[in-house]
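Undergrad: This is the structure, below, for whatever I ask next.
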Amino acid sequence: MHHFHHRHGTLHAEDVPLTDVAARVGTPTWVYSRATLERHFRVMDEAFGQHPHTVCFAVKANPSLGVLALLGALGAGADVVSGGELFRALRAGIPADRVVYSGVGKTERELTEALRAGIRSFHVESEGELEILDALARGMGTRAPVSLRVNPDIDPATHPYISTGLRTNKFGVPLARAAALYDRMARLPGLRIHGVASHIGSQITQLGPIAEAAARLVALARALRSAGHPVTEVDFGGGLGIAYRDEVPPSPADYARAILDAVGDSGLHVVVEPGRVIAGNAGVLLGRVLYVKQAEARTFLVTDVGMNDSIRPALYGAHHGVVPVAEPAPGAAQATVDVVGPVCESADFQARDRTLPLMHPGDLFCVMGEGAYGASMSSQYNSRPRAAEVLVDGGTLHVIRTRESYEDLVRHESVATLPPPAGGRS
Ligand SMILES: *Cc1c(COP(=O)(O)O)cnc(C)c1O
């Protein structure tokens with residue numbers, strides 16, 4: 001469900017025609033719908049009903065302050081994976097006691113910042129991290145709330161680059177090692193055992209792996225409690241998929257039921273860390289056709305949307321819908337095209353071999369499903385300033401990130417003062 005539809009022949013975000021966005025902010029631009037973001041958050045939150053729970057939005061999916069502030073105001077917490085994301089979550093007004101911190105490579109500086117902030121839980125991913133965190137917390141005269149991130153060794157049946165819960169992945173510690181590590185944690189005075197955590201992968205479209213992982217986590221939590229450890233919370237991670245094309249992912253209601261079935265009467269507080277399912281279909285990337293290039297075997301729509309803006313098609317072979325802003329007349333001519341960008345890489349495409357209504361230079365279009373892992377994965381490759389981001393609320397457009405300038409490209413750079421090159425011209 002989202003709020004991007006043709007109305008009177010023009011694609012709108014809620015009540016704002018995307019032609020207005022292009023005229024006011026230019027292209028390429030990310031356009032988010034407030035109503036869609038709120039609806040997705042509420043549906044997930046309400047799916048857990050009266051069971052004590054916290055929905056921690058995965059900041060890496062969309063770290064825009066404007067998006068985080070909106071979700072935070074609805075009651076969202078944050079799942080962060082770096083000191084930078086912690087900074088953003090706090091800056092957006094998300095209370096520290098709703099922030100959980102995952103990641104295999106937290107530095108001492110990052111751990112210290114999170115201790116200072118007083119976050120809800122550290123999701124510790126290795127024995128080495130336990131020791132460092134214990135020492136840092138003791139040095140600060142405090143105790144760090146800790147949940148071990150366990151790896152339940154479950155195949156989430158998704159793209160290998162976004163599978164994280166297999167034995168061969170770098171994330172978490174093996175389930176079989178968990179009990180011994182909790183015994184160890186109980187003896188470290190800088191730590192306070194809080195819960196159990198996991199995250200098995202992303203864009204999961206089947207309930208089976210989610211239910212199986214949930215059962216294993218809850219069984220672990222129960223066993224730990226029987227052994228005397230004060231485990232009060234289980235964090236099931238994120239990963240619920242969305243429909244980019246014809247996928248039929250489980251609904252948030254089915255997802256929550258699978259988790260709550262596993263939790264049963266254990267009384268455990270539930271945390272989930274959805275990213276994509278909240279933001280993915282709540283954003284589009286608005287671009288413009290620059291050229292239509294007829295090559296020998298193909299037709300290329302050359303556009304101003306580059307892989308530096310949206311890398312998912314190049315990185316994962318991801319499918320994203322491409323929709324012209326001007327609604328094609330019924331039965332209008334179509335062409336099979338590659339939608340490519342200006343970046344000097346053959347992987348610079350948004351769609352390949354796609355049959356689309358005919359488009360011409362100057363025409364606007366949207367890449368759909370760009371609200372998650374779109375702007376957040378963008379770069380300045382080819383020295384392309386990062387695009388603007390706008391949040392639409394009904395008929396109002398708010399710029400939540402201005403387009404970068406050329407000056408922004410070089411803001412942190414300087415020319416080294418070097419002796420003149422030997423034999424160089426003066
Ligand atoms: C990426 C990530 C998420 C979010 O995954 P989605 O598929 O976007 O829901 C949640 N938790 C952790 C630890 C992650 O790394």
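Chains: A, B, ... in order of the structure tokens. Residues: from 1 per chain. Ligands: from 1, in order shown.
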Write out as JSON lines a residue-level contact list of range 127-205 of chain A versus range 218-240 of chain A with cut-off 12 Å: for each qualifying residue the closest pair of atoms and the distance in Å to one decimal, counting only C-alpha atoms, rows sorted by chain and residue number upward.
TA:
{"residue": "A:Pro145", "atom": "CA", "partner": "A:Val231", "partner_atom": "CA", "distance": 10.6}
{"residue": "A:Val146", "atom": "CA", "partner": "A:Val231", "partner_atom": "CA", "distance": 9.6}
{"residue": "A:Ser147", "atom": "CA", "partner": "A:Val234", "partner_atom": "CA", "distance": 8.3}
{"residue": "A:Leu148", "atom": "CA", "partner": "A:Asp235", "partner_atom": "CA", "distance": 9.9}
{"residue": "A:Arg149", "atom": "CA", "partner": "A:Asp235", "partner_atom": "CA", "distance": 8.9}
{"residue": "A:Val150", "atom": "CA", "partner": "A:Leu220", "partner_atom": "CA", "distance": 9.6}
{"residue": "A:Asn151", "atom": "CA", "partner": "A:Phe236", "partner_atom": "CA", "distance": 11.2}
{"residue": "A:Pro152", "atom": "CA", "partner": "A:Leu220", "partner_atom": "CA", "distance": 10.1}
{"residue": "A:Pro156", "atom": "CA", "partner": "A:Gly239", "partner_atom": "CA", "distance": 8.9}
{"residue": "A:Ala157", "atom": "CA", "partner": "A:Gly239", "partner_atom": "CA", "distance": 11.3}
{"residue": "A:Thr158", "atom": "CA", "partner": "A:Gly239", "partner_atom": "CA", "distance": 9.8}
{"residue": "A:His159", "atom": "CA", "partner": "A:Gly239", "partner_atom": "CA", "distance": 11.8}
{"residue": "A:Ile162", "atom": "CA", "partner": "A:Gly239", "partner_atom": "CA", "distance": 9.1}
{"residue": "A:Ser163", "atom": "CA", "partner": "A:Gly239", "partner_atom": "CA", "distance": 9.4}
{"residue": "A:Thr164", "atom": "CA", "partner": "A:Gly239", "partner_atom": "CA", "distance": 9.9}
{"residue": "A:Gly165", "atom": "CA", "partner": "A:Gly237", "partner_atom": "CA", "distance": 10.5}
{"residue": "A:Gly172", "atom": "CA", "partner": "A:Gly237", "partner_atom": "CA", "distance": 11.9}
{"residue": "A:Pro174", "atom": "CA", "partner": "A:Leu220", "partner_atom": "CA", "distance": 11.7}
{"residue": "A:Leu175", "atom": "CA", "partner": "A:Leu220", "partner_atom": "CA", "distance": 8.1}
{"residue": "A:Ala176", "atom": "CA", "partner": "A:Leu220", "partner_atom": "CA", "distance": 9.7}
{"residue": "A:Arg177", "atom": "CA", "partner": "A:Leu220", "partner_atom": "CA", "distance": 11.0}
{"residue": "A:Ala178", "atom": "CA", "partner": "A:Leu220", "partner_atom": "CA", "distance": 8.2}
{"residue": "A:Ala179", "atom": "CA", "partner": "A:Leu224", "partner_atom": "CA", "distance": 6.9}
{"residue": "A:Ala180", "atom": "CA", "partner": "A:Leu224", "partner_atom": "CA", "distance": 10.1}
{"residue": "A:Leu181", "atom": "CA", "partner": "A:Leu224", "partner_atom": "CA", "distance": 10.7}
{"residue": "A:Tyr182", "atom": "CA", "partner": "A:His229", "partner_atom": "CA", "distance": 7.5}
{"residue": "A:Asp183", "atom": "CA", "partner": "A:His229", "partner_atom": "CA", "distance": 8.1}
{"residue": "A:Arg184", "atom": "CA", "partner": "A:His229", "partner_atom": "CA", "distance": 11.0}
{"residue": "A:Met185", "atom": "CA", "partner": "A:His229", "partner_atom": "CA", "distance": 9.6}
{"residue": "A:Ala186", "atom": "CA", "partner": "A:His229", "partner_atom": "CA", "distance": 7.5}
{"residue": "A:Arg187", "atom": "CA", "partner": "A:His229", "partner_atom": "CA", "distance": 11.1}
{"residue": "A:Leu191", "atom": "CA", "partner": "A:Pro230", "partner_atom": "CA", "distance": 11.9}
{"residue": "A:Arg192", "atom": "CA", "partner": "A:Pro230", "partner_atom": "CA", "distance": 8.6}
{"residue": "A:Ile193", "atom": "CA", "partner": "A:Pro230", "partner_atom": "CA", "distance": 6.2}
{"residue": "A:His194", "atom": "CA", "partner": "A:Val231", "partner_atom": "CA", "distance": 5.3}
{"residue": "A:Gly195", "atom": "CA", "partner": "A:Glu233", "partner_atom": "CA", "distance": 4.5}
{"residue": "A:Val196", "atom": "CA", "partner": "A:Val234", "partner_atom": "CA", "distance": 4.9}
{"residue": "A:Ala197", "atom": "CA", "partner": "A:Asp235", "partner_atom": "CA", "distance": 4.5}
{"residue": "A:Ser198", "atom": "CA", "partner": "A:Phe236", "partner_atom": "CA", "distance": 5.4}
{"residue": "A:His199", "atom": "CA", "partner": "A:Gly237", "partner_atom": "CA", "distance": 4.1}
{"residue": "A:Ile200", "atom": "CA", "partner": "A:Gly239", "partner_atom": "CA", "distance": 7.2}
{"residue": "A:Gly201", "atom": "CA", "partner": "A:Gly239", "partner_atom": "CA", "distance": 5.4}
{"residue": "A:Ser202", "atom": "CA", "partner": "A:Gly239", "partner_atom": "CA", "distance": 3.9}
{"residue": "A:Gln203", "atom": "CA", "partner": "A:Gly239", "partner_atom": "CA", "distance": 5.5}
{"residue": "A:Ile204", "atom": "CA", "partner": "A:Leu240", "partner_atom": "CA", "distance": 5.1}
{"residue": "A:Thr205", "atom": "CA", "partner": "A:Leu240", "partner_atom": "CA", "distance": 6.7}
Undergrad: Apply DSSP to the structure's backbone, then extract all residues of range 171-261 of chain A labelled alpha helix (DSSP H) and return them as an mmCIF file with N, CA, C and O atoms, in the first residue's frame.
TA:
data_model
loop_
_atom_site.group_PDB
_atom_site.id
_atom_site.type_symbol
_atom_site.label_atom_id
_atom_site.label_comp_id
_atom_site.auth_asym_id
_atom_site.auth_seq_id
_atom_site.Cartn_x
_atom_site.Cartn_y
_atom_site.Cartn_z
ATOM 1 N N LEU A 175 24.541 -20.360 17.826
ATOM 2 C CA LEU A 175 23.579 -20.691 18.878
ATOM 3 C C LEU A 175 24.212 -21.607 19.935
ATOM 4 O O LEU A 175 24.013 -21.424 21.134
ATOM 5 N N ALA A 176 25.010 -22.551 19.460
ATOM 6 C CA ALA A 176 25.594 -23.544 20.373
ATOM 7 C C ALA A 176 26.584 -22.910 21.359
ATOM 8 O O ALA A 176 26.854 -23.473 22.419
ATOM 9 N N ARG A 177 27.134 -21.741 21.019
ATOM 10 C CA ARG A 177 28.102 -21.073 21.901
ATOM 11 C C ARG A 177 27.411 -20.150 22.903
ATOM 12 O O ARG A 177 28.042 -19.627 23.817
ATOM 13 N N ALA A 178 26.117 -19.900 22.689
ATOM 14 C CA ALA A 178 25.440 -18.842 23.437
ATOM 15 C C ALA A 178 25.448 -19.080 24.943
ATOM 16 O O ALA A 178 25.794 -18.178 25.718
ATOM 17 N N ALA A 179 25.086 -20.281 25.362
ATOM 18 C CA ALA A 179 24.944 -20.529 26.808
ATOM 19 C C ALA A 179 26.257 -20.223 27.540
ATOM 20 O O ALA A 179 26.259 -19.548 28.585
ATOM 21 N N ALA A 180 27.359 -20.681 26.972
ATOM 22 C CA ALA A 180 28.657 -20.449 27.616
ATOM 23 C C ALA A 180 28.964 -18.953 27.680
ATOM 24 O O ALA A 180 29.505 -18.452 28.685
ATOM 25 N N LEU A 181 28.606 -18.230 26.623
ATOM 26 C CA LEU A 181 28.889 -16.791 26.619
ATOM 27 C C LEU A 181 28.020 -16.037 27.634
ATOM 28 O O LEU A 181 28.468 -15.060 28.236
ATOM 29 N N TYR A 182 26.776 -16.477 27.829
ATOM 30 C CA TYR A 182 25.947 -15.822 28.850
ATOM 31 C C TYR A 182 26.524 -16.083 30.252
ATOM 32 O O TYR A 182 26.510 -15.193 31.107
ATOM 33 N N ASP A 183 27.030 -17.298 30.471
ATOM 34 C CA ASP A 183 27.685 -17.574 31.771
ATOM 35 C C ASP A 183 28.863 -16.619 31.970
ATOM 36 O O ASP A 183 29.072 -16.072 33.049
ATOM 37 N N ARG A 184 29.596 -16.410 30.908
ATOM 38 C CA ARG A 184 30.734 -15.497 30.937
ATOM 39 C C ARG A 184 30.273 -14.068 31.215
ATOM 40 O O ARG A 184 30.825 -13.359 32.056
ATOM 41 N N MET A 185 29.219 -13.630 30.485
ATOM 42 C CA MET A 185 28.694 -12.274 30.658
ATOM 43 C C MET A 185 28.272 -12.031 32.102
ATOM 44 O O MET A 185 28.482 -10.942 32.650
ATOM 45 N N ALA A 186 27.675 -13.056 32.719
ATOM 46 C CA ALA A 186 27.171 -12.905 34.091
ATOM 47 C C ALA A 186 28.317 -12.616 35.058
ATOM 48 O O ALA A 186 28.099 -12.044 36.126
ATOM 49 N N LEU A 207 7.276 -17.012 5.494
ATOM 50 C CA LEU A 207 7.135 -16.989 6.945
ATOM 51 C C LEU A 207 7.980 -18.067 7.626
ATOM 52 O O LEU A 207 8.386 -17.917 8.778
ATOM 53 N N GLY A 208 8.234 -19.161 6.898
ATOM 54 C CA GLY A 208 8.907 -20.325 7.497
ATOM 55 C C GLY A 208 10.193 -19.979 8.224
ATOM 56 O O GLY A 208 10.342 -20.285 9.415
ATOM 57 N N PRO A 209 11.160 -19.347 7.531
ATOM 58 C CA PRO A 209 12.426 -19.037 8.203
ATOM 59 C C PRO A 209 12.252 -18.099 9.393
ATOM 60 O O PRO A 209 12.965 -18.219 10.399
ATOM 61 N N ILE A 210 11.298 -17.180 9.294
ATOM 62 C CA ILE A 210 11.052 -16.231 10.394
ATOM 63 C C ILE A 210 10.523 -16.981 11.609
ATOM 64 O O ILE A 210 10.998 -16.789 12.740
ATOM 65 N N ALA A 211 9.567 -17.872 11.386
ATOM 66 C CA ALA A 211 8.975 -18.633 12.490
ATOM 67 C C ALA A 211 10.014 -19.555 13.122
ATOM 68 O O ALA A 211 10.084 -19.689 14.349
ATOM 69 N N GLU A 212 10.824 -20.188 12.280
ATOM 70 C CA GLU A 212 11.831 -21.127 12.776
ATOM 71 C C GLU A 212 12.882 -20.395 13.617
ATOM 72 O O GLU A 212 13.263 -20.834 14.710
ATOM 73 N N ALA A 213 13.343 -19.241 13.120
ATOM 74 C CA ALA A 213 14.323 -18.461 13.879
ATOM 75 C C ALA A 213 13.713 -18.002 15.199
ATOM 76 O O ALA A 213 14.368 -18.059 16.256
ATOM 77 N N ALA A 214 12.455 -17.564 15.157
ATOM 78 C CA ALA A 214 11.793 -17.087 16.379
ATOM 79 C C ALA A 214 11.719 -18.206 17.406
ATOM 80 O O ALA A 214 11.997 -17.990 18.600
ATOM 81 N N ALA A 215 11.379 -19.408 16.956
ATOM 82 C CA ALA A 215 11.271 -20.540 17.885
ATOM 83 C C ALA A 215 12.625 -20.816 18.536
ATOM 84 O O ALA A 215 12.707 -21.055 19.746
ATOM 85 N N ARG A 216 13.682 -20.774 17.737
ATOM 86 C CA ARG A 216 15.015 -21.058 18.300
ATOM 87 C C ARG A 216 15.442 -19.984 19.301
ATOM 88 O O ARG A 216 16.051 -20.286 20.336
ATOM 89 N N LEU A 217 15.110 -18.725 19.001
ATOM 90 C CA LEU A 217 15.499 -17.636 19.907
ATOM 91 C C LEU A 217 14.755 -17.718 21.230
ATOM 92 O O LEU A 217 15.347 -17.523 22.299
ATOM 93 N N VAL A 218 13.459 -17.986 21.147
ATOM 94 C CA VAL A 218 12.667 -18.048 22.380
ATOM 95 C C VAL A 218 13.099 -19.252 23.209
ATOM 96 O O VAL A 218 13.211 -19.164 24.443
ATOM 97 N N ALA A 219 13.403 -20.365 22.543
ATOM 98 C CA ALA A 219 13.889 -21.542 23.285
ATOM 99 C C ALA A 219 15.188 -21.200 24.008
ATOM 100 O O ALA A 219 15.380 -21.570 25.175
ATOM 101 N N LEU A 220 16.054 -20.459 23.338
ATOM 102 C CA LEU A 220 17.300 -20.046 23.976
ATOM 103 C C LEU A 220 17.009 -19.138 25.178
ATOM 104 O O LEU A 220 17.580 -19.321 26.259
ATOM 105 N N ALA A 221 16.121 -18.165 24.978
ATOM 106 C CA ALA A 221 15.808 -17.232 26.069
ATOM 107 C C ALA A 221 15.266 -17.990 27.282
ATOM 108 O O ALA A 221 15.636 -17.711 28.430
ATOM 109 N N ARG A 222 14.380 -18.952 27.019
ATOM 110 C CA ARG A 222 13.800 -19.735 28.132
ATOM 111 C C ARG A 222 14.891 -20.539 28.843
ATOM 112 O O ARG A 222 14.933 -20.603 30.078
ATOM 113 N N ALA A 223 15.780 -21.135 28.054
ATOM 114 C CA ALA A 223 16.852 -21.944 28.655
ATOM 115 C C ALA A 223 17.773 -21.059 29.491
ATOM 116 O O ALA A 223 18.196 -21.445 30.590
ATOM 117 N N LEU A 224 18.052 -19.868 28.993
ATOM 118 C CA LEU A 224 18.924 -18.955 29.733
ATOM 119 C C LEU A 224 18.270 -18.543 31.050
ATOM 120 O O LEU A 224 18.924 -18.455 32.089
ATOM 121 N N ARG A 225 16.967 -18.286 30.989
ATOM 122 C CA ARG A 225 16.269 -17.910 32.224
ATOM 123 C C ARG A 225 16.279 -19.053 33.233
ATOM 124 O O ARG A 225 16.459 -18.839 34.426
ATOM 125 N N SER A 226 16.103 -20.269 32.724
ATOM 126 C CA SER A 226 16.161 -21.436 33.623
ATOM 127 C C SER A 226 17.529 -21.547 34.278
ATOM 128 O O SER A 226 17.655 -22.039 35.403
ATOM 129 N N PRO A 252 2.324 -7.881 7.784
ATOM 130 C CA PRO A 252 2.812 -7.625 9.151
ATOM 131 C C PRO A 252 2.005 -8.387 10.194
ATOM 132 O O PRO A 252 2.571 -8.844 11.196
ATOM 133 N N ALA A 253 0.705 -8.568 9.940
ATOM 134 C CA ALA A 253 -0.122 -9.307 10.905
ATOM 135 C C ALA A 253 0.339 -10.763 10.993
ATOM 136 O O ALA A 253 0.480 -11.320 12.092
ATOM 137 N N ASP A 254 0.584 -11.396 9.835
ATOM 138 C CA ASP A 254 1.053 -12.787 9.838
ATOM 139 C C ASP A 254 2.442 -12.890 10.472
ATOM 140 O O ASP A 254 2.753 -13.839 11.200
ATOM 141 N N TYR A 255 3.271 -11.911 10.143
ATOM 142 C CA TYR A 255 4.635 -11.852 10.691
ATOM 143 C C TYR A 255 4.584 -11.775 12.221
ATOM 144 O O TYR A 255 5.248 -12.543 12.927
ATOM 145 N N ALA A 256 3.755 -10.868 12.719
ATOM 146 C CA ALA A 256 3.653 -10.687 14.179
ATOM 147 C C ALA A 256 3.085 -11.937 14.832
ATOM 148 O O ALA A 256 3.544 -12.340 15.908
ATOM 149 N N ARG A 257 2.115 -12.569 14.159
ATOM 150 C CA ARG A 257 1.512 -13.777 14.739
ATOM 151 C C ARG A 257 2.566 -14.873 14.875
ATOM 152 O O ARG A 257 2.635 -15.566 15.881
ATOM 153 N N ALA A 258 3.414 -15.013 13.846
ATOM 154 C CA ALA A 258 4.456 -16.053 13.902
ATOM 155 C C ALA A 258 5.384 -15.800 15.087
ATOM 156 O O ALA A 258 5.786 -16.730 15.803
ATOM 157 N N ILE A 259 5.723 -14.537 15.304
ATOM 158 C CA ILE A 259 6.619 -14.207 16.418
ATOM 159 C C ILE A 259 5.912 -14.398 17.760
ATOM 160 O O ILE A 259 6.456 -15.019 18.682
ATOM 161 N N LEU A 260 4.677 -13.901 17.845
ATOM 162 C CA LEU A 260 3.962 -14.013 19.127
ATOM 163 C C LEU A 260 3.639 -15.469 19.465
ATOM 164 O O LEU A 260 3.619 -15.852 20.638
ATOM 165 N N ASP A 261 3.406 -16.291 18.444
ATOM 166 C CA ASP A 261 3.204 -17.732 18.686
ATOM 167 C C ASP A 261 4.434 -18.331 19.346
ATOM 168 O O ASP A 261 4.332 -19.146 20.263
#
Undergrad: At a cut-off of 7 Å, using only C-alpha atoms, what residues contact Ala387 in chain A? Leave out same-chain residues fewer than 4 positions from it and give the result as a ChimeraX atom specification.
TA: /A:28-29,403-404
Undergrad: Can you spit out the residues from that selection as a PDB file, in the first residue's frame, using C-alpha atoms?
TA:
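Output saved as result_34.pdb:
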ATOM      1  CA  PRO A  28      16.886  13.358  -9.481  1.00  0.00           C
ATOM      2  CA  THR A  29      14.979  13.666  -6.208  1.00  0.00           C
ATOM      3  CA  ARG A 403      20.616  18.841  -3.298  1.00  0.00           C
ATOM      4  CA  GLU A 404      24.377  18.888  -2.820  1.00  0.00           C
TER       5      GLU A 404
END
Undergrad: Quick one: residues within 7 Å of Ser376 in chain A, only C-alpha atoms counted, chain neighbours fewer than 6 positions away excluded, as a list in words?
TA: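 Surrounding residues, per the criterion: Lys60, Ala61, Asn62 and Pro63 of chain A.
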Undergrad: Generate a file of the selected residues that holds N, CA and C atoms, formatted as a tab-separated table (two decimals), in the first residue's frame.
TA:
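The file below, selection_30.tsv, is the result:
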chain	number	residue	atom	x	y	z
A	60	LYS	N	19.58	2.18	8.88
A	60	LYS	CA	20.32	2.11	7.63
A	60	LYS	C	19.41	2.08	6.41
A	61	ALA	N	18.15	1.68	6.60
A	61	ALA	CA	17.23	1.65	5.46
A	61	ALA	C	16.95	3.07	4.96
A	62	ASN	N	16.76	3.99	5.89
A	62	ASN	CA	16.55	5.40	5.51
A	62	ASN	C	16.92	6.31	6.67
A	63	PRO	N	18.15	6.83	6.66
A	63	PRO	CA	18.64	7.59	7.81
A	63	PRO	C	18.31	9.08	7.77
Undergrad: Using only C-alpha atoms, which protein or nucleic acid residues come within 7 Å of Leu356 in chain A? Drop anything in the same chain fewer than 6 positions from it, and give the result as a PyMOL selection string.
TA: chain A and resi 334-336
Undergrad: Got a sec: who's within 8 Å of range 103-108 of chain A, counting only C-alpha atoms, leaving out chain neighbours fewer than 3 positions off, as a CSV table (one decimal) with N, CA, C and O atoms, in the first residue's frame?
TA:
chain,number,residue,atom,x,y,z
A,81,VAL,N,23.6,0.8,13.5
A,81,VAL,CA,24.7,-0.1,13.2
A,81,VAL,C,26.0,0.7,13.2
A,81,VAL,O,27.1,0.2,12.7
A,82,SER,N,26.0,2.0,13.7
A,82,SER,CA,27.3,2.7,13.7
A,82,SER,C,27.1,3.9,14.6
A,82,SER,O,25.9,4.3,15.0
A,111,LEU,N,31.3,2.5,21.0
A,111,LEU,CA,30.8,1.9,22.2
A,111,LEU,C,30.7,2.9,23.3
A,111,LEU,O,29.7,2.9,24.1
A,112,THR,N,31.7,3.7,23.5
A,112,THR,CA,31.7,4.8,24.5
A,112,THR,C,30.5,5.7,24.3
A,112,THR,O,29.8,6.1,25.2
A,123,HIS,N,23.8,-5.1,21.1
A,123,HIS,CA,23.8,-6.4,20.5
A,123,HIS,C,25.2,-6.8,20.2
A,123,HIS,O,25.7,-6.5,19.1
A,124,VAL,N,25.7,-7.6,21.1
A,124,VAL,CA,27.2,-7.9,21.0
A,124,VAL,C,27.3,-9.1,20.1
A,124,VAL,O,26.5,-10.1,20.1
A,125,GLU,N,28.3,-9.0,19.2
A,125,GLU,CA,28.5,-10.0,18.2
A,125,GLU,C,29.7,-10.9,18.3
A,125,GLU,O,30.0,-11.8,17.5
A,126,SER,N,30.5,-10.7,19.4
A,126,SER,CA,31.7,-11.6,19.5
A,126,SER,C,32.2,-11.5,21.0
A,126,SER,O,31.8,-10.6,21.7
A,129,GLU,N,34.2,-8.4,21.7
A,129,GLU,CA,33.4,-7.2,21.9
A,129,GLU,C,32.9,-7.2,23.3
A,129,GLU,O,32.8,-6.1,24.0
A,132,ILE,N,35.7,-5.9,25.6
A,132,ILE,CA,35.9,-4.4,25.4
A,132,ILE,C,34.8,-3.6,26.1
A,132,ILE,O,35.0,-2.6,26.8
A,133,LEU,N,33.6,-4.0,25.8
A,133,LEU,CA,32.4,-3.3,26.4
A,133,LEU,C,32.4,-3.4,27.9
A,133,LEU,O,32.2,-2.3,28.5
A,136,LEU,N,35.1,-0.9,29.1
A,136,LEU,CA,34.7,0.5,28.9
A,136,LEU,C,33.6,0.9,29.9
A,136,LEU,O,33.7,2.0,30.5
A,170,LYS,N,29.2,-13.5,8.6
A,170,LYS,CA,30.1,-12.9,9.6
A,170,LYS,C,29.3,-12.5,10.9
A,170,LYS,O,29.9,-12.1,11.9
A,171,PHE,N,28.0,-12.5,10.9
A,171,PHE,CA,27.2,-11.9,11.9
A,171,PHE,C,26.9,-12.9,13.1
A,171,PHE,O,26.7,-14.1,12.9
A,172,GLY,N,26.9,-12.3,14.3
A,172,GLY,CA,26.4,-13.1,15.4
A,172,GLY,C,27.4,-14.2,15.9
A,172,GLY,O,28.4,-14.4,15.3
Undergrad: Given the choices A:Gly267, A:Gly369, A:Gly118, A:Pro249, which gets closest to Thr36 in chain A if the distance is worked out from only C-alpha atoms?
TA: A:Gly369
Undergrad: I want to know what sits within 6 Å of range 305-309 of chain A, based on only C-alpha atoms, with residues of the same chain fewer than 4 positions away left out; could you give that as a PyMOL selection string?
TA: chain A and resi 28+287+341-343+348+378-379+381
Undergrad: So that I can check the secondary structure, give me every residue of range 83-214 of chain A assigned strand (DSSP E) by backbone DSSP, as a PyMOL selection string.
TA: chain A and resi 99-101+121-124+144-151+173-174+191-197
Undergrad: Could you please take those selected residues and save C-alpha atoms as a PDB file, in the first residue's frame?
TA:
ATOM      1  CA  VAL A  99      17.824   2.537  20.617  1.00  0.00           C
ATOM      2  CA  VAL A 100      19.446  -0.857  20.041  1.00  0.00           C
ATOM      3  CA  TYR A 101      22.915  -1.141  18.565  1.00  0.00           C
ATOM      4  CA  SER A 121      20.709  -2.658  24.436  1.00  0.00           C
ATOM      5  CA  PHE A 122      24.069  -3.507  22.899  1.00  0.00           C
ATOM      6  CA  HIS A 123      23.763  -6.391  20.471  1.00  0.00           C
ATOM      7  CA  VAL A 124      27.156  -7.926  21.033  1.00  0.00           C
ATOM      8  CA  ALA A 144      26.129  -1.963  29.729  1.00  0.00           C
ATOM      9  CA  PRO A 145      22.807  -3.678  28.922  1.00  0.00           C
ATOM     10  CA  VAL A 146      23.727  -6.572  26.646  1.00  0.00           C
ATOM     11  CA  SER A 147      21.931  -8.944  24.317  1.00  0.00           C
ATOM     12  CA  LEU A 148      24.042 -11.491  22.494  1.00  0.00           C
ATOM     13  CA  ARG A 149      23.358 -11.544  18.762  1.00  0.00           C
ATOM     14  CA  VAL A 150      23.033 -15.205  17.994  1.00  0.00           C
ATOM     15  CA  ASN A 151      23.177 -16.764  14.595  1.00  0.00           C
ATOM     16  CA  VAL A 173      27.721 -16.010  17.449  1.00  0.00           C
ATOM     17  CA  PRO A 174      26.621 -19.611  16.892  1.00  0.00           C
ATOM     18  CA  LEU A 191      27.713  -5.894  31.795  1.00  0.00           C
ATOM     19  CA  ARG A 192      24.041  -6.388  32.612  1.00  0.00           C
ATOM     20  CA  ILE A 193      22.305  -9.204  30.741  1.00  0.00           C
ATOM     21  CA  HIS A 194      19.281  -7.763  28.953  1.00  0.00           C
ATOM     22  CA  GLY A 195      18.078 -10.111  26.222  1.00  0.00           C
ATOM     23  CA  VAL A 196      18.747 -12.164  23.133  1.00  0.00           C
ATOM     24  CA  ALA A 197      19.030 -10.728  19.623  1.00  0.00           C
TER      25      ALA A 197
END
Undergrad: Could you check how far atom 11 (N, counted along the ligand's line) of ligand 1 sits from CA of Val55 in chain A, in Å to one decimal?
TA: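 Separation between atom 11 (N, counted along the ligand's line) of ligand 1 and CA of Val55 in chain A: 11.1 Å.
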Undergrad: Give the answer as one residue: which of A:His12, A:Arg276, A:Arg386, A:His412 has the shortest atom-to-atom distance to ligand 1, using only C-alpha atoms and all ligand atoms?
TA: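 Under the stated criterion, the closest residue is A:Arg276.
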